[in-house]
Amino acid sequence: MIGFSPRALSVSTPGQARAELERIGVDTGGLGMMSGKMLTRCIHLPNLQCRQANILKQEMLSLGGDAAVARGTVACSINETDVILIGTDKQLQQLCAKLHAQPFGLPALAAALDTLLANIKQPPKRWLTSRREFSLERPLIMGILNLTPDSFSDGGRFNDTERAVEHALLMEAEGADIIDIGGESTRPGAPPVQAAEESARIIPVIERLSEVLRCAISVDTWKSVVADSALSAGAEIINDISGFNFDPQMADVTAKSGAAAVLMHTRGKPDEMQKDTAYTGLMTEVIIGLQGSLSIALEAGVEQNRIAIDPGIGFGKDAAGNLEILRRLRELTGLGLPILTGTSRKSFIGKILGHEPVSERLFGTAATVALSVANGASILRVHDVRAMRDVAYMAHAVLKH
């Protein structure tokens with residue numbers, strides 16, 4: 001007699017659930033109903049009133065799910081509580097329908113939950129710049145071109161225009177979809193650079209590359225005057241480490257040009273951002289910060305389909321925080337925007353692996369790139385284009401085939 005061989009299924013998407021049901025021959029009529037039951041989701045809601053939380057708890061229990069609340073919520077002996085909703089997507093959608101008829105501002109919460117669930121279920125398929133439309137059906141590779149004397153990895157290597165152009169063309173040949181050009185180091189502790197100096201470093205190179213590159217050009221700057229000049233010279237993406245928070249004119253420059261924007265989360269400018277890396281709730285703060293940046297962009301007239309987000313790995317975070325972001329990256333998919341990660345050769349990789357020389361962080365970077373793709377990243381900002389393109393494409397193939 002052959003013994004039993006039970007196994008736990010790894011099911012995290014509706015497509016995976018449906019495939020498992022089809023594999024065992026479930027009737028077509030039952031596929032939609034049963035696939036939803038195979039997916040359980042947890043949604044965190046911060047700072048709710050106890051009366052709101054108690055209604056959520058009651059409704060989720062009635063639907064077969066649950067809601068975790070703080071001690072004292074039922075008796076309303078505390079002022080507010082965070083809530084974690086626990087249930088299938090179907091149960092959560094049913095909750096939204098019920099909340100539309102509830103008091104205490106819960107219809108607005110239902111609308112926010114509806115949007116969140118829709119964003120998770122249907123990730124963005126495209127990303128627009130002022131010159132093209134990127135498909136997000138596979139990962140995009142953003143090659144790094146630093147035109148600075150003091151960048152942590154390759155400072156001073158490409159200060160000469162000819163060498164910079166040559167390296168950009170090499171990255172394009174190796175598979176880069178985007179070349180990200182920066183004239184100011186954003187490594188921790190880096191001193192600020194005046195806009196005139198930053199422009200003098202990058203504009204001649206952008207002008208040359210705009211004549212010969214087929215791939216897109218991105219400018220890595222938080223200064224609107226530099227961004228404006230770079231866009232005129234041929235750039236079509238603004239990669240702003242401040243998420244439009246350092247320069248109040250940056251959102252307007254982006255909107256008027258039709259450029260794409262990468263909005264990043266950070267704490268302070270590079271010369272001070274590592275002074276405070278403690279968080280009460282890291283992912284909550286990152287998401288709230290990115291929501292604020294998104295609001296600035298939308299209010300200025302930047303179209304949502306031109307915006308990507310970056311959690312800012314290495315910017316105002318310690319090594320443990322960077323690992324937490326990578327582990328929980330999929331939480332950002334609820335914003336409904338393409339996700340960019342930039343882990344390439346960063347110091348937390350060296351710290352964890354004990355490899356202080358930047359040149360010895362290739363394999364550590366590869367692990368972070370693969371995990372970024374597995375956890376929802378669409379754009380990978382890297383130094384080693386050919387190697388990381390292969391890593392990203394392979395991780396994507398495992399997920400999609």
# chains A, B, ... in the order shown; residues from 1 in each chain; ligands from 1

$ residues_around --residues "Gln94 in chain A" --least-positions-apart "2" --cutoff "12 Å" --atoms "only C-alpha atoms" --output "list of chain:residue names"
A:Leu56, A:Glu59, A:Met60, A:Leu61, A:Ser62, A:Leu63, A:Gly64, A:Gly65, A:Gly87, A:Thr88, A:Asp89, A:Lys90, A:Gln91, A:Leu92, A:Cys96, A:Ala97, A:Lys98, A:Leu99, A:His100, A:Ala110, A:Leu113, A:Asp114, A:Leu117

$ write_last_selection --atoms "C-alpha atoms" --output "JSON list (two decimals), in the first residue's frame"
[["chain", "number", "residue", "atom", "x", "y", "z"],
["A", 56, "LEU", "CA", -15.25, 45.87, 10.29],
["A", 59, "GLU", "CA", -18.79, 42.24, 9.02],
["A", 60, "MET", "CA", -15.64, 40.20, 8.31],
["A", 61, "LEU", "CA", -16.72, 37.50, 10.76],
["A", 62, "SER", "CA", -20.13, 37.34, 9.08],
["A", 63, "LEU", "CA", -18.40, 36.76, 5.75],
["A", 64, "GLY", "CA", -16.16, 33.98, 7.05],
["A", 65, "GLY", "CA", -13.06, 36.13, 7.40],
["A", 87, "GLY", "CA", -9.86, 37.11, 4.16],
["A", 88, "THR", "CA", -10.08, 36.12, 0.54],
["A", 89, "ASP", "CA", -10.38, 38.73, -2.20],
["A", 90, "LYS", "CA", -14.02, 37.71, -2.61],
["A", 91, "GLN", "CA", -14.73, 38.25, 1.09],
["A", 92, "LEU", "CA", -12.99, 41.62, 1.02],
["A", 96, "CYS", "CA", -16.68, 46.76, 0.49],
["A", 97, "ALA", "CA", -20.23, 46.30, -0.77],
["A", 98, "LYS", "CA", -21.52, 46.19, 2.81],
["A", 99, "LEU", "CA", -19.51, 49.21, 3.94],
["A", 100, "HIS", "CA", -21.13, 51.47, 1.37],
["A", 110, "ALA", "CA", -14.81, 50.97, 1.02],
["A", 113, "LEU", "CA", -10.31, 49.21, -0.42],
["A", 114, "ASP", "CA", -11.94, 48.72, -3.83],
["A", 117, "LEU", "CA", -7.90, 45.33, -4.48]]

$ residues_around --residues "range 163-173 of chain A" --least-positions-apart "5" --cutoff "7 Å" --atoms "only C-alpha atoms" --output "PyMOL selection string"
chain A and resi 143+145+158+179+205+209+213+215+385

$ atom_distance --atom1 "CA of Pro6 in chain A" --atom2 "CA of His396 in chain A"
28.3 Å

$ residues_around --residues "Gln274 in chain A" --least-positions-apart "2" --cutoff "6 Å" --atoms "only C-alpha atoms" --output "list in words"
Glu272, Asp276 and Gly316 of chain A

$ write_last_selection --atoms "C-alpha atoms" --output "PDB file, in the first residue's frame"
ATOM      1  CA  GLU A 272      21.973  63.847   6.207  1.00  0.00           C
ATOM      2  CA  ASP A 276      17.857  58.694  11.302  1.00  0.00           C
ATOM      3  CA  GLY A 316      17.429  56.746   5.020  1.00  0.00           C
TER       4      GLY A 316
END

$ select_by_dssp --residues "range 217-370 of chain A" --states "strand (DSSP E or B)" --output "NGL selection string"
:A and (217-220 or 237-240 or 260-264 or 307-310 or 339-341)

$ write_last_selection --atoms "N, CA and C atoms" --output "tab-separated table (two decimals), in the first residue's frame"
chain	number	residue	atom	x	y	z
A	217	ILE	N	16.35	57.91	-22.31
A	217	ILE	CA	17.30	58.60	-21.43
A	217	ILE	C	16.54	59.14	-20.22
A	218	SER	N	17.05	58.82	-19.05
A	218	SER	CA	16.50	59.31	-17.79
A	218	SER	C	17.53	60.23	-17.14
A	219	VAL	N	17.05	61.25	-16.43
A	219	VAL	CA	17.95	62.14	-15.70
A	219	VAL	C	17.71	61.96	-14.20
A	220	ASP	N	18.78	61.65	-13.49
A	220	ASP	CA	18.73	61.43	-12.05
A	220	ASP	C	19.05	62.75	-11.36
A	237	ILE	N	12.64	60.92	-19.00
A	237	ILE	CA	12.25	60.42	-17.68
A	237	ILE	C	13.00	61.24	-16.63
A	238	ILE	N	12.29	61.64	-15.57
A	238	ILE	CA	12.91	62.31	-14.44
A	238	ILE	C	12.92	61.33	-13.27
A	239	ASN	N	14.10	61.03	-12.77
A	239	ASN	CA	14.27	60.12	-11.64
A	239	ASN	C	14.63	60.97	-10.43
A	240	ASP	N	13.63	61.28	-9.60
A	240	ASP	CA	13.79	62.23	-8.50
A	240	ASP	C	13.85	61.50	-7.16
A	260	ALA	N	8.05	61.05	-18.13
A	260	ALA	CA	7.76	60.09	-17.07
A	260	ALA	C	8.50	60.51	-15.81
A	261	ALA	N	8.06	60.00	-14.67
A	261	ALA	CA	8.71	60.33	-13.41
A	261	ALA	C	8.84	59.10	-12.54
A	262	VAL	N	10.00	58.97	-11.91
A	262	VAL	CA	10.20	57.97	-10.87
A	262	VAL	C	10.24	58.73	-9.55
A	263	LEU	N	9.30	58.43	-8.67
A	263	LEU	CA	9.18	59.11	-7.38
A	263	LEU	C	9.71	58.19	-6.30
A	264	MET	N	10.74	58.63	-5.59
A	264	MET	CA	11.39	57.79	-4.58
A	264	MET	C	11.10	58.29	-3.17
A	307	ILE	N	3.90	57.66	-14.14
A	307	ILE	CA	4.55	57.68	-12.84
A	307	ILE	C	4.95	56.27	-12.41
A	308	ALA	N	6.18	56.13	-11.93
A	308	ALA	CA	6.64	54.91	-11.28
A	308	ALA	C	7.11	55.29	-9.87
A	309	ILE	N	7.21	54.29	-9.00
A	309	ILE	CA	7.61	54.55	-7.61
A	309	ILE	C	8.83	53.71	-7.24
A	310	ASP	N	9.58	54.22	-6.27
A	310	ASP	CA	10.82	53.59	-5.81
A	310	ASP	C	10.84	53.70	-4.28
A	339	ILE	N	6.88	49.58	-10.14
A	339	ILE	CA	7.82	49.67	-9.02
A	339	ILE	C	9.24	49.54	-9.55
A	340	LEU	N	10.10	50.49	-9.17
A	340	LEU	CA	11.53	50.44	-9.48
A	340	LEU	C	12.30	50.13	-8.21
A	341	THR	N	13.29	49.26	-8.32
A	341	THR	CA	14.21	49.05	-7.21
A	341	THR	C	15.64	49.31	-7.67

$ decode --residues "range 238-281 of chain A" --atoms "N, CA and C atoms" --output "mmCIF file, in the first residue's frame"
data_model
loop_
_atom_site.group_PDB
_atom_site.id
_atom_site.type_symbol
_atom_site.label_atom_id
_atom_site.label_comp_id
_atom_site.auth_asym_id
_atom_site.auth_seq_id
_atom_site.Cartn_x
_atom_site.Cartn_y
_atom_site.Cartn_z
ATOM 1 N N ILE A 238 12.291 61.640 -15.573
ATOM 2 C CA ILE A 238 12.907 62.310 -14.436
ATOM 3 C C ILE A 238 12.916 61.330 -13.266
ATOM 4 N N ASN A 239 14.099 61.026 -12.774
ATOM 5 C CA ASN A 239 14.266 60.120 -11.640
ATOM 6 C C ASN A 239 14.629 60.975 -10.428
ATOM 7 N N ASP A 240 13.634 61.281 -9.600
ATOM 8 C CA ASP A 240 13.787 62.234 -8.500
ATOM 9 C C ASP A 240 13.849 61.498 -7.165
ATOM 10 N N ILE A 241 15.023 61.507 -6.521
ATOM 11 C CA ILE A 241 15.178 60.786 -5.264
ATOM 12 C C ILE A 241 14.299 61.353 -4.159
ATOM 13 N N SER A 242 13.827 62.578 -4.327
ATOM 14 C CA SER A 242 13.018 63.202 -3.278
ATOM 15 C C SER A 242 11.524 62.997 -3.477
ATOM 16 N N GLY A 243 11.127 62.372 -4.577
ATOM 17 C CA GLY A 243 9.695 62.220 -4.833
ATOM 18 C C GLY A 243 8.969 63.542 -4.933
ATOM 19 N N PHE A 244 9.626 64.534 -5.585
ATOM 20 C CA PHE A 244 9.069 65.881 -5.779
ATOM 21 C C PHE A 244 8.966 66.675 -4.479
ATOM 22 N N ASN A 245 9.747 66.317 -3.470
ATOM 23 C CA ASN A 245 9.653 67.002 -2.179
ATOM 24 C C ASN A 245 10.742 68.043 -1.946
ATOM 25 N N PHE A 246 11.880 67.961 -2.649
ATOM 26 C CA PHE A 246 12.970 68.903 -2.408
ATOM 27 C C PHE A 246 12.815 70.199 -3.193
ATOM 28 N N ASP A 247 12.255 70.110 -4.397
ATOM 29 C CA ASP A 247 12.120 71.274 -5.274
ATOM 30 C C ASP A 247 10.658 71.419 -5.668
ATOM 31 N N PRO A 248 9.980 72.465 -5.220
ATOM 32 C CA PRO A 248 8.540 72.606 -5.478
ATOM 33 C C PRO A 248 8.183 72.799 -6.947
ATOM 34 N N GLN A 249 9.166 73.106 -7.790
ATOM 35 C CA GLN A 249 8.896 73.309 -9.216
ATOM 36 C C GLN A 249 9.009 72.030 -10.035
ATOM 37 N N MET A 250 9.541 70.968 -9.430
ATOM 38 C CA MET A 250 9.822 69.760 -10.209
ATOM 39 C C MET A 250 8.560 69.124 -10.797
ATOM 40 N N ALA A 251 7.489 69.095 -10.034
ATOM 41 C CA ALA A 251 6.253 68.486 -10.537
ATOM 42 C C ALA A 251 5.718 69.253 -11.738
ATOM 43 N N ASP A 252 5.784 70.582 -11.710
ATOM 44 C CA ASP A 252 5.307 71.391 -12.839
ATOM 45 C C ASP A 252 6.156 71.166 -14.077
ATOM 46 N N VAL A 253 7.478 71.084 -13.909
ATOM 47 C CA VAL A 253 8.369 70.818 -15.047
ATOM 48 C C VAL A 253 8.021 69.476 -15.680
ATOM 49 N N THR A 254 7.773 68.482 -14.858
ATOM 50 C CA THR A 254 7.423 67.154 -15.363
ATOM 51 C C THR A 254 6.097 67.180 -16.110
ATOM 52 N N ALA A 255 5.105 67.817 -15.504
ATOM 53 C CA ALA A 255 3.778 67.852 -16.116
ATOM 54 C C ALA A 255 3.793 68.548 -17.474
ATOM 55 N N LYS A 256 4.474 69.692 -17.556
ATOM 56 C CA LYS A 256 4.491 70.463 -18.803
ATOM 57 C C LYS A 256 5.225 69.736 -19.923
ATOM 58 N N SER A 257 6.210 68.940 -19.571
ATOM 59 C CA SER A 257 7.018 68.250 -20.587
ATOM 60 C C SER A 257 6.392 66.946 -21.047
ATOM 61 N N GLY A 258 5.505 66.371 -20.243
ATOM 62 C CA GLY A 258 4.963 65.052 -20.558
ATOM 63 C C GLY A 258 5.929 63.927 -20.236
ATOM 64 N N ALA A 259 7.001 64.238 -19.513
ATOM 65 C CA ALA A 259 7.994 63.224 -19.164
ATOM 66 C C ALA A 259 7.424 62.225 -18.168
ATOM 67 N N ALA A 260 8.047 61.052 -18.126
ATOM 68 C CA ALA A 260 7.755 60.093 -17.072
ATOM 69 C C ALA A 260 8.502 60.513 -15.814
ATOM 70 N N ALA A 261 8.058 59.995 -14.674
ATOM 71 C CA ALA A 261 8.707 60.333 -13.409
ATOM 72 C C ALA A 261 8.843 59.096 -12.541
ATOM 73 N N VAL A 262 9.996 58.969 -11.914
ATOM 74 C CA VAL A 262 10.198 57.971 -10.869
ATOM 75 C C VAL A 262 10.238 58.733 -9.551
ATOM 76 N N LEU A 263 9.295 58.431 -8.670
ATOM 77 C CA LEU A 263 9.176 59.110 -7.382
ATOM 78 C C LEU A 263 9.706 58.186 -6.297
ATOM 79 N N MET A 264 10.738 58.630 -5.587
ATOM 80 C CA MET A 264 11.392 57.794 -4.583
ATOM 81 C C MET A 264 11.102 58.286 -3.174
ATOM 82 N N HIS A 265 11.139 57.371 -2.228
ATOM 83 C CA HIS A 265 11.017 57.725 -0.812
ATOM 84 C C HIS A 265 12.401 57.887 -0.199
ATOM 85 N N THR A 266 12.590 58.945 0.553
ATOM 86 C CA THR A 266 13.824 59.134 1.306
ATOM 87 C C THR A 266 13.536 59.951 2.547
ATOM 88 N N ARG A 267 14.520 60.026 3.408
ATOM 89 C CA ARG A 267 14.456 60.910 4.576
ATOM 90 C C ARG A 267 15.615 61.884 4.470
ATOM 91 N N GLY A 268 15.350 63.078 4.015
ATOM 92 C CA GLY A 268 16.391 64.087 3.946
ATOM 93 C C GLY A 268 17.305 63.917 2.749
ATOM 94 N N LYS A 269 18.141 64.924 2.520
ATOM 95 C CA LYS A 269 19.093 64.906 1.416
ATOM 96 C C LYS A 269 20.257 63.972 1.729
ATOM 97 N N PRO A 270 21.010 63.571 0.709
ATOM 98 C CA PRO A 270 22.063 62.563 0.917
ATOM 99 C C PRO A 270 23.048 62.870 2.035
ATOM 100 N N ASP A 271 23.355 64.145 2.264
ATOM 101 C CA ASP A 271 24.354 64.466 3.290
ATOM 102 C C ASP A 271 23.841 64.257 4.709
ATOM 103 N N GLU A 272 22.526 64.005 4.857
ATOM 104 C CA GLU A 272 21.973 63.847 6.207
ATOM 105 C C GLU A 272 21.020 62.674 6.368
ATOM 106 N N MET A 273 20.717 61.960 5.279
ATOM 107 C CA MET A 273 19.635 60.981 5.316
ATOM 108 C C MET A 273 19.919 59.771 6.211
ATOM 109 N N GLN A 274 21.184 59.450 6.467
ATOM 110 C CA GLN A 274 21.475 58.281 7.293
ATOM 111 C C GLN A 274 21.555 58.606 8.779
ATOM 112 N N LYS A 275 21.244 59.840 9.153
ATOM 113 C CA LYS A 275 21.268 60.203 10.563
ATOM 114 C C LYS A 275 20.110 59.596 11.336
ATOM 115 N N ASP A 276 19.027 59.268 10.649
ATOM 116 C CA ASP A 276 17.857 58.694 11.302
ATOM 117 C C ASP A 276 17.310 57.576 10.437
ATOM 118 N N THR A 277 17.583 56.333 10.826
ATOM 119 C CA THR A 277 17.100 55.183 10.054
ATOM 120 C C THR A 277 16.156 54.308 10.875
ATOM 121 N N ALA A 278 15.644 54.843 11.988
ATOM 122 C CA ALA A 278 14.708 54.093 12.833
ATOM 123 C C ALA A 278 13.272 54.405 12.421
ATOM 124 N N TYR A 279 12.459 53.372 12.307
ATOM 125 C CA TYR A 279 11.060 53.524 11.901
ATOM 126 C C TYR A 279 10.169 52.746 12.865
ATOM 127 N N THR A 280 9.033 53.314 13.204
ATOM 128 C CA THR A 280 8.033 52.576 13.968
ATOM 129 C C THR A 280 7.359 51.545 13.075
ATOM 130 N N GLY A 281 7.045 51.953 11.846
ATOM 131 C CA GLY A 281 6.474 51.049 10.846
ATOM 132 C C GLY A 281 7.050 51.417 9.490
#
